[in-house]
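S.K.: Contents of structure_9.tsv (TSV, C-alpha atoms) are below:
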```tsv
chain	number	residue	atom	x	y	z
C	196	MET	CA	72.82	-33.30	14.24
C	197	ALA	CA	75.74	-35.26	15.75
C	198	VAL	CA	77.80	-34.73	12.58
C	199	ASN	CA	77.24	-30.96	12.82
C	200	PHE	CA	78.35	-31.01	16.46
C	201	ILE	CA	81.52	-32.97	15.62
C	202	CYS	CA	82.33	-30.67	12.69
C	203	THR	CA	81.82	-27.63	14.92
C	204	CYS	CA	84.15	-29.09	17.58
C	205	ILE	CA	86.85	-29.84	15.01
C	206	ALA	CA	86.51	-26.36	13.52
C	207	LEU	CA	86.83	-24.76	16.98
C	208	CYS	CA	89.96	-26.80	17.74
C	209	CYS	CA	91.49	-25.79	14.43
C	210	LEU	CA	90.60	-22.12	14.94
C	211	THR	CA	91.98	-22.17	18.48
C	212	PHE	CA	95.22	-23.79	17.36
C	213	TRP	CA	95.45	-21.40	14.39
C	214	SER	CA	95.04	-18.39	16.69
C	215	PHE	CA	97.77	-19.71	19.00
C	216	SER	CA	100.13	-20.35	16.14
C	217	ARG	CA	99.56	-16.84	14.78
C	218	THR	CA	100.04	-15.05	18.12
C	219	SER	CA	102.96	-17.01	19.48
C	220	ASP	CA	106.36	-18.34	18.72
C	221	THR	CA	105.02	-21.84	18.13
C	222	ARG	CA	107.44	-24.03	16.27
C	223	VAL	CA	105.81	-26.38	13.79
C	224	PRO	CA	107.90	-29.40	12.86
C	225	PRO	CA	108.85	-29.92	9.22
C	226	PRO	CA	106.86	-32.51	7.23
C	227	HIS	CA	109.67	-35.10	7.53
C	228	SER	CA	109.77	-34.79	11.34
C	229	THR	CA	109.20	-37.81	13.59
C	230	MET	CA	106.82	-35.76	15.75
C	231	LYS	CA	103.37	-37.36	15.85
C	232	PRO	CA	100.09	-35.44	15.49
C	233	GLY	CA	98.86	-34.43	18.92
C	234	SER	CA	102.38	-34.31	20.35
C	235	PRO	CA	103.17	-31.43	22.72
C	236	ILE	CA	104.77	-28.45	21.00
C	237	PRO	CA	106.63	-25.51	22.58
C	238	VAL	CA	104.63	-22.32	22.83
C	239	ASN	CA	105.70	-18.77	23.66
C	240	ILE	CA	105.58	-18.06	27.41
C	241	ASN	CA	103.99	-14.66	26.69
C	242	ASN	CA	101.06	-16.19	24.82
C	243	PRO	CA	97.76	-15.06	26.45
C	244	GLY	CA	96.53	-18.67	26.60
C	245	VAL	CA	99.70	-19.73	28.41
C	246	ARG	CA	99.37	-16.88	30.92
C	247	LYS	CA	95.73	-17.75	31.57
C	248	ALA	CA	96.57	-21.44	32.02
C	249	ALA	CA	99.35	-20.53	34.47
C	250	ARG	CA	96.89	-18.48	36.50
C	251	PHE	CA	94.49	-21.45	36.65
C	252	GLY	CA	97.37	-23.57	37.96
C	253	VAL	CA	98.13	-20.99	40.64
C	254	TYR	CA	94.47	-20.81	41.71
C	255	ARG	CA	94.45	-24.58	42.05
C	256	TYR	CA	97.64	-24.47	44.12
C	257	ASN	CA	96.19	-21.76	46.37
C	258	ASN	CA	92.98	-23.75	46.89
C	259	SER	CA	94.93	-26.81	48.04
C	260	SER	CA	97.61	-25.10	50.13
C	261	ASN	CA	97.43	-24.41	53.86
C	262	ASP	CA	99.40	-21.19	53.57
C	263	LEU	CA	97.84	-18.07	55.12
C	264	PHE	CA	98.83	-16.01	52.06
C	265	LEU	CA	98.01	-16.35	48.36
C	266	PHE	CA	100.73	-17.17	45.86
C	267	LYS	CA	100.93	-15.60	42.42
C	268	ASP	CA	102.83	-16.52	39.25
C	269	SER	CA	106.05	-14.53	38.96
C	270	GLN	CA	107.66	-16.18	35.94
C	271	ILE	CA	106.78	-18.81	33.35
C	272	ASN	CA	109.96	-20.69	32.43
C	273	LYS	CA	108.67	-23.19	29.88
C	274	ALA	CA	105.36	-23.88	28.16
C	275	MET	CA	104.15	-26.68	25.93
C	276	VAL	CA	100.69	-27.21	24.46
C	277	GLN	CA	99.04	-30.35	23.14
C	278	ILE	CA	95.72	-30.60	21.35
C	279	VAL	CA	93.80	-33.44	23.03
C	280	ARG	CA	90.05	-32.95	23.45
C	281	GLY	CA	90.90	-29.28	23.92
C	282	LEU	CA	94.21	-27.70	24.86
C	283	LYS	CA	96.50	-29.32	27.39
C	284	TYR	CA	99.14	-26.93	28.72
C	285	MET	CA	102.28	-28.24	30.42
C	286	LEU	CA	103.89	-25.38	32.29
C	287	HIS	CA	106.98	-24.80	34.43
C	288	VAL	CA	106.19	-21.76	36.57
C	289	GLU	CA	107.75	-19.91	39.50
C	290	ILE	CA	105.22	-18.65	42.03
C	291	LYS	CA	105.78	-16.31	44.96
C	292	ARG	CA	103.92	-15.54	48.16
C	293	THR	CA	101.93	-12.31	48.06
C	294	VAL	CA	100.85	-9.87	50.77
C	295	CYS	CA	97.21	-10.92	50.27
C	296	GLU	CA	95.71	-13.22	52.86
C	297	LYS	CA	93.50	-16.01	51.52
C	298	ARG	CA	90.46	-15.10	53.60
C	299	GLU	CA	90.43	-11.52	52.35
C	300	HIS	CA	91.09	-11.80	48.60
C	301	SER	CA	89.74	-13.83	45.75
C	302	SER	CA	91.58	-12.13	42.87
C	303	LEU	CA	95.35	-12.14	42.42
C	304	ASP	CA	95.43	-9.09	40.15
C	305	GLY	CA	95.80	-6.56	42.99
C	306	CYS	CA	98.12	-8.70	45.09
C	307	HIS	CA	101.76	-7.65	45.32
C	308	PHE	CA	104.61	-9.97	46.22
C	309	GLN	CA	105.80	-10.10	49.83
C	310	ARG	CA	108.32	-7.39	50.70
C	311	LYS	CA	109.16	-8.67	54.19
C	312	LYS	CA	112.21	-10.90	53.86
C	313	SER	CA	110.96	-13.29	56.57
C	314	LEU	CA	107.68	-13.88	54.69
C	315	GLN	CA	109.08	-14.17	51.16
C	316	GLN	CA	108.79	-17.59	49.60
C	317	MET	CA	109.19	-18.86	46.04
C	318	LEU	CA	108.09	-22.22	44.70
C	319	THR	CA	108.93	-23.93	41.42
C	320	CYS	CA	105.84	-25.61	39.99
C	321	TYR	CA	104.80	-27.90	37.18
C	322	PHE	CA	101.16	-27.51	36.12
C	323	GLU	CA	99.08	-29.43	33.61
C	324	VAL	CA	96.01	-27.44	32.65
C	325	TRP	CA	93.35	-28.78	30.29
C	326	ILE	CA	91.15	-26.14	28.70
C	327	THR	CA	88.11	-27.12	26.65
C	328	PRO	CA	87.06	-23.73	25.19
C	329	TRP	CA	83.78	-24.84	23.59
C	330	LEU	CA	82.59	-26.27	26.92
C	331	HIS	CA	84.01	-23.36	28.96
C	332	LYS	CA	85.74	-25.99	31.08
C	333	VAL	CA	89.10	-25.94	32.84
C	334	HIS	CA	90.66	-28.88	34.65
C	335	VAL	CA	94.01	-28.81	36.49
C	336	PRO	CA	94.87	-32.48	37.14
C	337	VAL	CA	98.56	-31.97	37.95
C	338	VAL	CA	100.08	-29.48	40.40
C	339	HIS	CA	103.59	-30.25	41.65
C	340	CYS	CA	105.34	-27.48	43.59
C	341	HIS	CA	108.49	-27.48	45.65
C	342	GLN	CA	110.62	-24.93	47.45
C	343	HIS	CA	112.81	-22.99	45.06
C	344	LEU	CA	116.47	-23.49	45.89
C	345	SER	CA	118.71	-20.50	45.28
C	346	PRO	CA	121.96	-21.11	43.37
```
Would you encode the structure as structure tokens?
M.R.:
Amino acid sequence: MAVNFICTCIALCCLTFWSFSRTSDTRVPPPHSTMKPGSPIPVNINNPGVRKAARFGVYRYNNSSNDLFLFKDSQINKAMVQIVRGLKYMLHVEIKRTVCEKREHSSLDGCHFQRKKSLQQMLTCYFEVWITPWLHKVHVPVVHCHQHLSP
């Protein structure tokens, strides 16, 4: 029974990784590379898994912030993924304040970015998002955001 469970978990990891590598611009190192198994690899910022992970990071930020308004991801600048007991995403994301107040909205899909210049705010964030698909579990252990400085 335990062997079947372990085999199923390994198969799911392989299938998940295979689906990511087929739908994204994932670069796989050549056989002579010094990259170790389980090392983070770059993944396309438009990959659906990356976009979902970024949204989880934003939800975590919103839940811990004291801002009156919700923030929403505006741009993903860099994405890496590592297979470690699931998928660990390491994301560099820009998030912006929306017009939606926290107490009135739970979904970011219908929230537009602030148009009033005095209320506009952009943050640059680094998120680590662990997704364990076979357990339907998401954990966001790292959220670091700071004010975006214009050039």
S.K.: Kindly indicate which residue among C:Phe322, C:Val276, C:Leu265, C:Gln316 lies nearest to His300 of chain C, using only C-alpha atoms for the distances.
M.R.: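 That would be C:Leu265, the residue with the smallest distance to His300 of chain C.
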S.K.: For Val324 of chain C, list every protein, DNA or RNA residue within 6 Å, evaluated using all atoms listed in the file, and leave out those in the same chain fewer than 2 positions away; present the list as a list of chain:residue names.
M.R.: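 Counting only the stated atoms, we get C:Lys283, C:Tyr284, C:His334, C:Val335.
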S.K.: Please indicate the distance in Å from atom CA of His341 of chain C to atom CA of Lys297 of chain C, rounded to one decimal place.
M.R.: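 Separation between atom CA of His341 of chain C and atom CA of Lys297 of chain C: 19.8 Å.
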S.K.: Determine, counting all atoms listed in the file, which protein, DNA and RNA residues have an atom within 12 Å of an atom of Phe266 of chain C; residues of the same chain fewer than 4 positions away are not included. Present the result as a compact mmCIF listing (two decimals) with C-alpha atoms, keeping the file's coordinate frame.
M.R.:
```
# COMPACT_ATOMS: atom_id res chain seq x y z
CA ALA C 249 99.35 -20.53 34.47
CA ARG C 250 96.89 -18.48 36.50
CA PHE C 251 94.49 -21.45 36.65
CA GLY C 252 97.37 -23.57 37.96
CA VAL C 253 98.13 -20.99 40.64
CA TYR C 254 94.47 -20.81 41.71
CA ARG C 255 94.45 -24.58 42.05
CA TYR C 256 97.64 -24.47 44.12
CA ASN C 257 96.19 -21.76 46.37
CA ASN C 258 92.98 -23.75 46.89
CA SER C 259 94.93 -26.81 48.04
CA SER C 260 97.61 -25.10 50.13
CA ASN C 261 97.43 -24.41 53.86
CA ASP C 262 99.40 -21.19 53.57
CA VAL C 288 106.19 -21.76 36.57
CA GLU C 289 107.75 -19.91 39.50
CA ILE C 290 105.22 -18.65 42.03
CA LYS C 291 105.78 -16.31 44.96
CA ARG C 292 103.92 -15.54 48.16
CA THR C 293 101.93 -12.31 48.06
CA VAL C 294 100.85 -9.87 50.77
CA CYS C 295 97.21 -10.92 50.27
CA GLU C 296 95.71 -13.22 52.86
CA LYS C 297 93.50 -16.01 51.52
CA HIS C 300 91.09 -11.80 48.60
CA SER C 301 89.74 -13.83 45.75
CA SER C 302 91.58 -12.13 42.87
CA LEU C 303 95.35 -12.14 42.42
CA ASP C 304 95.43 -9.09 40.15
CA CYS C 306 98.12 -8.70 45.09
CA HIS C 307 101.76 -7.65 45.32
CA PHE C 308 104.61 -9.97 46.22
CA GLN C 309 105.80 -10.10 49.83
CA LEU C 314 107.68 -13.88 54.69
CA GLN C 315 109.08 -14.17 51.16
CA GLN C 316 108.79 -17.59 49.60
CA MET C 317 109.19 -18.86 46.04
CA LEU C 318 108.09 -22.22 44.70
CA THR C 319 108.93 -23.93 41.42
CA CYS C 320 105.84 -25.61 39.99
CA CYS C 340 105.34 -27.48 43.59
```
S.K.: In Å, how far is it from atom CA of Gly305 of chain C to atom CA of Thr327 of chain C?
M.R.: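 Between these atoms lies a distance of 27.4 Å.
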S.K.: I'd like the box whose edges run along x, y and z of the file and which contains every listed atom of segment 285-290 of chain C, padded by 5 Å per side; could you state its centre and edge lengths in Å, one decimal, as lines of an AutoDock Vina configuration file?
M.R.:
```
center_x = 105.0
center_y = -23.4
center_z = 36.2
size_x = 15.5
size_y = 19.6
size_z = 21.6
```
S.K.: Enumerate, in order of chain and increasing residue number, the residues of segment 263-335 of chain C with an atom no farther than 10 Å from segment 238-245 of chain C, each with its shortest atom pair and distance in Å to one decimal, counting all atoms listed in the file, as CSV.
M.R.:
```
residue,atom,partner,partner_atom,distance
C:Gln270,CA,C:Ile240,CA,9.0
C:Ile271,CA,C:Ile240,CA,6.1
C:Asn272,CA,C:Ile240,CA,7.2
C:Lys273,CA,C:Ile240,CA,6.5
C:Ala274,CA,C:Val238,CA,5.6
C:Met275,CA,C:Val238,CA,5.4
C:Val276,CA,C:Val238,CA,6.5
C:Gln277,CA,C:Val238,CA,9.8
C:Leu282,CA,C:Gly244,CA,9.5
C:Tyr284,CA,C:Val245,CA,7.2
C:Met285,CA,C:Val245,CA,9.1
C:Leu286,CA,C:Val245,CA,8.0
C:His287,CA,C:Ile240,CA,9.8
C:Val288,CA,C:Ile240,CA,9.9
C:Val324,CA,C:Val245,CA,9.5
C:Ile326,CA,C:Gly244,CA,9.4
```
S.K.: For C-alpha atoms, I'd like the residues from the last selection saved as a PDB file, in the coordinates of the input.
M.R.:
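Saved file again.pdb follows:
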```
ATOM      1  CA  GLN C 270     107.660 -16.180  35.940  1.00  0.00           C
ATOM      2  CA  ILE C 271     106.780 -18.810  33.350  1.00  0.00           C
ATOM      3  CA  ASN C 272     109.960 -20.690  32.430  1.00  0.00           C
ATOM      4  CA  LYS C 273     108.670 -23.190  29.880  1.00  0.00           C
ATOM      5  CA  ALA C 274     105.360 -23.880  28.160  1.00  0.00           C
ATOM      6  CA  MET C 275     104.150 -26.680  25.930  1.00  0.00           C
ATOM      7  CA  VAL C 276     100.690 -27.210  24.460  1.00  0.00           C
ATOM      8  CA  GLN C 277      99.040 -30.350  23.140  1.00  0.00           C
ATOM      9  CA  LEU C 282      94.210 -27.700  24.860  1.00  0.00           C
ATOM     10  CA  TYR C 284      99.140 -26.930  28.720  1.00  0.00           C
ATOM     11  CA  MET C 285     102.280 -28.240  30.420  1.00  0.00           C
ATOM     12  CA  LEU C 286     103.890 -25.380  32.290  1.00  0.00           C
ATOM     13  CA  HIS C 287     106.980 -24.800  34.430  1.00  0.00           C
ATOM     14  CA  VAL C 288     106.190 -21.760  36.570  1.00  0.00           C
ATOM     15  CA  VAL C 324      96.010 -27.440  32.650  1.00  0.00           C
ATOM     16  CA  ILE C 326      91.150 -26.140  28.700  1.00  0.00           C
TER      17      ILE C 326
END
```
